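One structure is given here, and the rest of the page talks about it.
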Amino acid sequence: MTDVTVPRAEDFDEISALLYLAFHDDPDPELMGIERGVFEPERALLVRDGGRAVAHASAYTRELQVPGASLPAAHVTMVAVLPTHRRRGLLTTLMRRQLREIRDAGREPVAVLWASEGRIYPRFGYGLAAQRYHLQCDTVELRLPEPAAAGGTLRLDRPAGHQADLARLYDRVRADRPGWSSRDERWWAYVLADVKTRRDGATERRVLLHDGGDGVDGYALYRTREAWERGGPRGEVRVDEVVAATPDAYQALWRMLLSIDLTRRLSFRTAAVDEPLFWLLNEPRALGAQLSDALWVRLVDLPAALAARRYATDVDVVIEVTDDLLPENTGRWRLVGGPDGAECVASTAPAALAADVRALGELYLGGTGLGALAAGGRLRELVPGTVATAAPAFTWHRAPSPREVF
C-alpha cells in the first residue's frame with residue numbers, strides 16, 4: 001500500500017534522485033545544494049512504496065504578478081512519478097490533495113506551474129495563461145534603430161556583486177508585468193546561481209547593466225559560447241533575461257546583445273509574446289520565433305482570485321462556473337470590477353457566460369482573449385453580446401511574461 005506523507009528536510013536528496021531519474025538527468029551535487037535552499041518540505045507531498053520514494057509534488061511560497069496586483073500563489077513544482085509506478089493514479093492523488101490543502105489553508109487564491117507536457121494539467125483545472133517565444137537567430141544582418149541622442153551608459157560585470165541593484169529594478173518593472181514571480185534573497189541566490197555543469201559549453205553568466213539618469217534602469221543576464229567555422233567566428237549569445245525600465249535602456253541592452261564581437265547567433269528562451277524587439281528590428285522574422293506554452297494557472301479560491309486582479313475596463317457579468325475538484329468554486333458568480341478594484345460574489349441572477357474553472361485560469365493573466373475561448377467552445381455565451389462587451393475587461397496593456405522556470 002502506498003501512503004502520502006509530508007517529507008522532512010533530510011529527505012531532499014532522495015526526492016532529488018527521484019526527480020533526476022524522472023527527468024532523465026544525472027544528479028548534480030552543486031545544483032542540489034542550490035535547490036535545497038528553496039525547498040519547502042512542509043509544502044511537499046511524498047509517496048513511498050516499500051520505503052522507497054516513488055512520487056512527489058511540492059510548491060514554493062511566492063507572489064505572482066497579475067493584472068494590477070501581486071498576490072500569493074502556490075508555485076507548484078518538483079512533480080514526478082517513478083517510471084515503475086506510472087498508471088497507478090499517484091499523480092492524480094497528489095494533485096488533488098495538493099489543491100485541497102491549498103484551498104483549505106486559505107492563503108493562496110491561485111496556483112501556477114510550468115508543465116512538462118501540456119496534456120497533463122488541464123484535467124486538474126489548470127489553464128494555459130501565458131505563452132512565450134523561443135528566439136533563435138543569426139544576428140549578422142539584424143539592426144535596431146540608432147539612438148536619437150546620447151543616453152545612458154553600459155557596464156559589464158559578474159552578477160553576484162550587483163544583486164541589490166538587480167532586485168530593485170526587477171521589483172520596479174515587475175509591478176507592470178503579469179506573470180513575474182516575487183524573488184526574495186533565497187530566490188535571487190537561486191536565479192543567479194551559475195552551476196558549471198549546466199553551462200553546456202558556454203561561459204559563466206555575465207550581467208550587462210544600463211545606467212540612466214537615476215542609476216541602473218536596465219540589465220541583461222547572458223552567456224556566450226565560442227564557435228568557429230572555416231569562414232570565421234560563429235559564437236552564440238545565450239540570453240537568460242532582459243529587464244528594462246525605459247525604452248532607452250531596453251534598446252541599448254539589445255543593441256549590444258545582438259552585436260557582440262565574434263558572435264553571429266543569439267538565443268533567448270523566454271521572450272514575451274509582446275516583446276518590443278519584434279517592432280524594433282529591421283527584420284523581425286529573422287528572430288526565428290517559436291511559440292510555446294509557459295505558465296499554467298489554476299483558480300483555487302475563485303471569488304477571491306477574480307476579486308484580487310484588476311480589469312482593463314469596467315465589467316459587470318454573471319458567470320456560471322463548474323469545478324469538479326473544488327466544488328466550492330462551482331456556482332453562479334457575479335463579477336463587478338474595473339481598473340480600480342473588483343468584487344466577486346455568489347449570485348442567483350441569470351448567468352451571461354458559462355465556463356469551467358480551467359477557462360477562467362486561461363483568462364486570468366490577461367493574455368488569452370475571451371473571444372478566442374468562446375470561438376473555440378471553451379466558454380459559452382448565454383446572453384448574446386456579452387463576449388463583445390466583457391472581452392476588453394479581461395485583457396491587459398502588457399502580455400503575461402514569465403521570467404524563470406521554477
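Residues are named by chain letter and number: chains run A, B, ... in the order of the C-alpha cells, numbers start at 1 in each chain, and ligands are numbered from 1 in the order shown.
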
Long-range neighbours of range 359-376 of chain A as a compact mmCIF listing (two decimals) with N, CA and C atoms, in the first residue's frame, 6 Å cut-off, only C-alpha atoms, 2 positions minimum in chain:
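Okay, around-v7.txt is ready:
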# COMPACT_ATOMS: atom_id res chain seq x y z
N VAL A 66 -0.18 39.69 -11.18
CA VAL A 66 -1.36 39.53 -12.04
C VAL A 66 -1.77 40.93 -12.49
N GLY A 127 -5.28 26.10 -16.58
CA GLY A 127 -5.45 26.63 -17.92
C GLY A 127 -4.19 27.35 -18.38
N LEU A 128 -3.89 27.26 -19.66
CA LEU A 128 -2.72 27.93 -20.23
C LEU A 128 -2.95 29.43 -20.21
N ALA A 129 -2.22 30.13 -19.33
CA ALA A 129 -2.46 31.56 -19.11
C ALA A 129 -1.39 32.45 -19.70
N VAL A 297 -2.27 28.36 -15.02
CA VAL A 297 -2.86 28.93 -13.80
C VAL A 297 -4.11 28.16 -13.42
N ARG A 298 -4.25 27.95 -12.10
CA ARG A 298 -5.42 27.26 -11.56
C ARG A 298 -6.05 28.16 -10.49
N LEU A 299 -7.32 28.53 -10.66
CA LEU A 299 -8.01 29.30 -9.64
C LEU A 299 -8.43 28.34 -8.53
N ASP A 356 -15.85 26.36 -17.46
CA ASP A 356 -15.26 25.60 -16.37
C ASP A 356 -14.12 26.41 -15.77
N VAL A 357 -13.60 25.94 -14.65
CA VAL A 357 -12.58 26.70 -13.93
C VAL A 357 -11.30 26.81 -14.74
N ARG A 378 -14.74 26.81 -25.63
CA ARG A 378 -14.23 26.62 -24.27
C ARG A 378 -15.04 27.44 -23.27
N LEU A 379 -15.80 28.38 -23.75
CA LEU A 379 -16.63 29.26 -22.92
C LEU A 379 -17.92 29.52 -23.71
N ARG A 380 -19.08 29.50 -23.04
CA ARG A 380 -20.36 29.67 -23.74
C ARG A 380 -20.98 31.02 -23.40
N ALA A 391 -15.19 41.26 -23.11
CA ALA A 391 -13.84 40.86 -23.51
C ALA A 391 -12.75 41.89 -23.19
N PHE A 394 -11.01 41.79 -19.61
CA PHE A 394 -10.12 40.71 -19.20
C PHE A 394 -8.73 40.83 -19.81
N THR A 395 -8.50 41.79 -20.70
CA THR A 395 -7.18 41.98 -21.29
C THR A 395 -6.32 42.84 -20.36
N TRP A 396 -5.10 43.10 -20.76
CA TRP A 396 -4.22 43.99 -20.00
C TRP A 396 -3.25 44.64 -20.97
N ALA A 399 1.32 41.89 -22.01
CA ALA A 399 1.05 40.45 -22.02
C ALA A 399 1.78 39.79 -20.85
N PRO A 400 1.24 38.71 -20.31
CA PRO A 400 1.95 37.98 -19.27
C PRO A 400 3.25 37.40 -19.82

Please provide the set of residues having any atom within 12 Å of range 148-159 of chain A, restricted to only C-alpha atoms, with same-chain residues fewer than 3 positions apart removed, written as JSON, numbers by chain. {"A": [144, 145, 162, 163, 164, 165, 166, 167, 188, 189, 191, 192, 193, 194, 203, 204, 205, 206, 207, 208, 209, 210, 211, 212, 213, 214, 215, 216, 217, 218, 219, 220, 221, 222, 223, 246, 247, 248, 249, 250, 251, 252, 253, 254, 255, 256, 257]}

Using DSSP assignments from the backbone, pull out every residue in range 81-153 of chain A that falls under helix (DSSP H, G or I) and give it to me as a PyMOL selection string. chain A and resi 83-85+90-105+121-124

Counting only C-alpha atoms, what is within 12 Å of Ser16 in chain A, bar same-chain residues fewer than 3 positions away, as a VMD selection string? chain A and resid 9 to 13 19 to 23 25 to 29 31 to 36 39 46 53 to 58 78 to 82

Pick out the closest residue to Ala271 in chain A from this set: A:Thr330, A:Thr386, A:Gln136, A:Thr224. Count only C-alpha atoms. A:Gln136

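Residues with any atom within 9 Å of Ser181 in chain A, counting only C-alpha atoms and excluding same-chain neighbours fewer than 4 positions away, are Arg62, Glu63, Leu64, Gln65, Ser70, Ala73, His75, Arg174, Pro402, Arg403 and Glu404 of chain A.
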
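Nearest residue to Arg88 in chain A, choosing from A:Val47, A:Val76, A:Ala245, A:Val110 and counting only C-alpha atoms: A:Val47.
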
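Among the candidate residues A:Asp184, A:Asp301, A:Glu381, A:Asp340, the one lying nearest to Thr313 in chain A is A:Asp340, with distances computed using only C-alpha atoms.
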
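Near Arg103 in chain A, within 12 Å and counting only C-alpha atoms, sit A:Ala73, A:Ala74, A:Arg96, A:Arg97, A:Pro109, A:Val110, A:Ala111, A:Arg298, A:Leu299, A:Val300, A:Asp301, A:Leu302, A:Ala304, A:Ala305, A:Leu325, A:Leu326, A:Pro327, A:Glu328, A:Asn329; same-chain residues fewer than 6 positions away were not included.
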
Store the residues picked out above, limited to C-alpha atoms, as a compact mmCIF listing (two decimals), in the first residue's frame.
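Done, and the output landed in selection_37.txt:
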# COMPACT_ATOMS: atom_id res chain seq x y z
CA ALA A 73 0.26 32.00 -5.39
CA ALA A 74 1.26 28.39 -4.86
CA ARG A 96 -5.99 16.50 -5.83
CA ARG A 97 -4.62 16.54 -2.30
CA PRO A 109 -6.25 32.03 -4.26
CA VAL A 110 -4.35 30.68 -7.27
CA ALA A 111 -1.77 28.03 -8.14
CA ARG A 298 -5.42 27.26 -11.56
CA LEU A 299 -8.01 29.30 -9.64
CA VAL A 300 -8.17 27.69 -6.19
CA ASP A 301 -10.45 30.21 -4.48
CA LEU A 302 -12.40 31.53 -7.45
CA ALA A 304 -11.01 35.68 -4.12
CA ALA A 305 -8.90 35.27 -7.26
CA LEU A 325 -12.23 19.08 -8.00
CA LEU A 326 -13.05 22.05 -5.78
CA PRO A 327 -16.85 22.18 -5.57
CA GLU A 328 -16.72 25.44 -3.59
CA ASN A 329 -15.95 27.16 -6.91

Residues at most 8 Å from Ala390 in chain A, counting only C-alpha atoms, excluding those fewer than 6 positions away in the same chain, as number ranges by chain? A: 315-317, 370

Those selected residues, please, written with C-alpha atoms and delivered as a PDB file, in the first residue's frame.
ATOM      1  CA  VAL A 315     -17.152  44.843 -16.182  1.00  0.00           C
ATOM      2  CA  ASP A 316     -20.354  43.555 -14.588  1.00  0.00           C
ATOM      3  CA  VAL A 317     -21.108  39.981 -15.553  1.00  0.00           C
ATOM      4  CA  LEU A 370     -12.436  35.907 -24.112  1.00  0.00           C
TER       5      LEU A 370
END

Please give the complete set of residues from range 76-283 of chain A that DSSP, run on the backbone, assigns to strand (DSSP E), formatted as a ChimeraX atom specification. /A:76-81,110-114,127-138,153-157,206-212,215-225,228-229,232-233,235-244,263-271

Can you write out the residues you just picked, keeping C-alpha atoms, as a tab-separated table (two decimals), in the first residue's frame?
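Below you can see again_39.tsv, which holds the result:
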chain	number	residue	atom	x	y	z
A	76	VAL	CA	3.68	24.11	-7.98
A	77	THR	CA	6.93	22.30	-8.69
A	78	MET	CA	9.01	19.11	-8.33
A	79	VAL	CA	6.24	16.87	-9.68
A	80	ALA	CA	7.38	13.39	-10.66
A	81	VAL	CA	6.39	9.72	-10.59
A	110	VAL	CA	-4.35	30.68	-7.27
A	111	ALA	CA	-1.77	28.03	-8.14
A	112	VAL	CA	0.68	28.30	-11.03
A	113	LEU	CA	3.12	25.92	-12.71
A	114	TRP	CA	5.24	25.11	-15.75
A	127	GLY	CA	-5.45	26.63	-17.92
A	128	LEU	CA	-2.72	27.93	-20.23
A	129	ALA	CA	-2.46	31.56	-19.11
A	130	ALA	CA	0.87	32.73	-20.57
A	131	GLN	CA	2.89	31.81	-23.63
A	132	ARG	CA	6.46	32.62	-24.61
A	133	TYR	CA	8.65	32.81	-27.66
A	134	HIS	CA	11.92	30.97	-28.04
A	135	LEU	CA	14.15	33.16	-30.22
A	136	GLN	CA	16.98	31.55	-32.15
A	137	CYS	CA	18.54	33.63	-34.87
A	138	ASP	CA	21.52	34.72	-36.89
A	153	THR	CA	25.99	54.01	-20.36
A	154	LEU	CA	26.60	50.26	-20.34
A	155	ARG	CA	28.72	48.29	-17.89
A	156	LEU	CA	29.71	44.61	-17.98
A	157	ASP	CA	30.40	42.54	-14.86
A	206	ARG	CA	27.52	37.87	-17.16
A	207	VAL	CA	25.44	40.90	-16.38
A	208	LEU	CA	25.12	43.88	-18.69
A	209	LEU	CA	23.98	46.96	-16.78
A	210	HIS	CA	22.49	50.12	-18.21
A	211	ASP	CA	22.90	53.29	-16.15
A	212	GLY	CA	20.37	56.05	-16.78
A	215	GLY	CA	21.08	54.81	-11.70
A	216	VAL	CA	20.60	51.28	-13.02
A	217	ASP	CA	17.48	51.19	-15.20
A	218	GLY	CA	18.19	48.06	-17.21
A	219	TYR	CA	20.09	44.79	-17.08
A	220	ALA	CA	20.62	41.64	-19.12
A	221	LEU	CA	21.85	38.26	-17.89
A	222	TYR	CA	23.57	36.24	-20.59
A	223	ARG	CA	26.39	33.87	-21.58
A	224	THR	CA	28.42	33.42	-24.71
A	225	ARG	CA	29.61	30.26	-26.41
A	228	TRP	CA	34.42	28.92	-35.29
A	229	GLU	CA	33.85	27.87	-38.89
A	232	GLY	CA	35.45	32.82	-39.31
A	233	PRO	CA	33.82	33.21	-35.90
A	235	GLY	CA	29.87	32.39	-31.49
A	236	GLU	CA	26.49	32.42	-29.77
A	237	VAL	CA	24.92	34.77	-27.22
A	238	ARG	CA	22.56	32.97	-24.83
A	239	VAL	CA	20.23	35.44	-23.14
A	240	ASP	CA	18.64	34.48	-19.82
A	241	GLU	CA	16.64	37.62	-19.09
A	242	VAL	CA	16.38	41.27	-20.05
A	243	VAL	CA	14.78	43.71	-17.61
A	244	ALA	CA	14.45	47.37	-18.56
A	263	THR	CA	29.30	36.12	-32.21
A	264	ARG	CA	26.88	35.50	-35.05
A	265	ARG	CA	23.92	33.84	-33.30
A	266	LEU	CA	21.59	34.56	-30.40
A	267	SER	CA	19.08	32.51	-28.41
A	268	PHE	CA	16.52	33.61	-25.83
A	269	ARG	CA	14.03	31.11	-24.41
A	270	THR	CA	11.60	33.36	-22.53
A	271	ALA	CA	10.79	36.24	-24.85

Please provide the set of residues having any atom within 8 Å of Cys344 in chain A, restricted to only C-alpha atoms, with same-chain residues fewer than 4 positions apart removed, written as a PyMOL selection string. chain A and resi 303-304+306-307+333-336
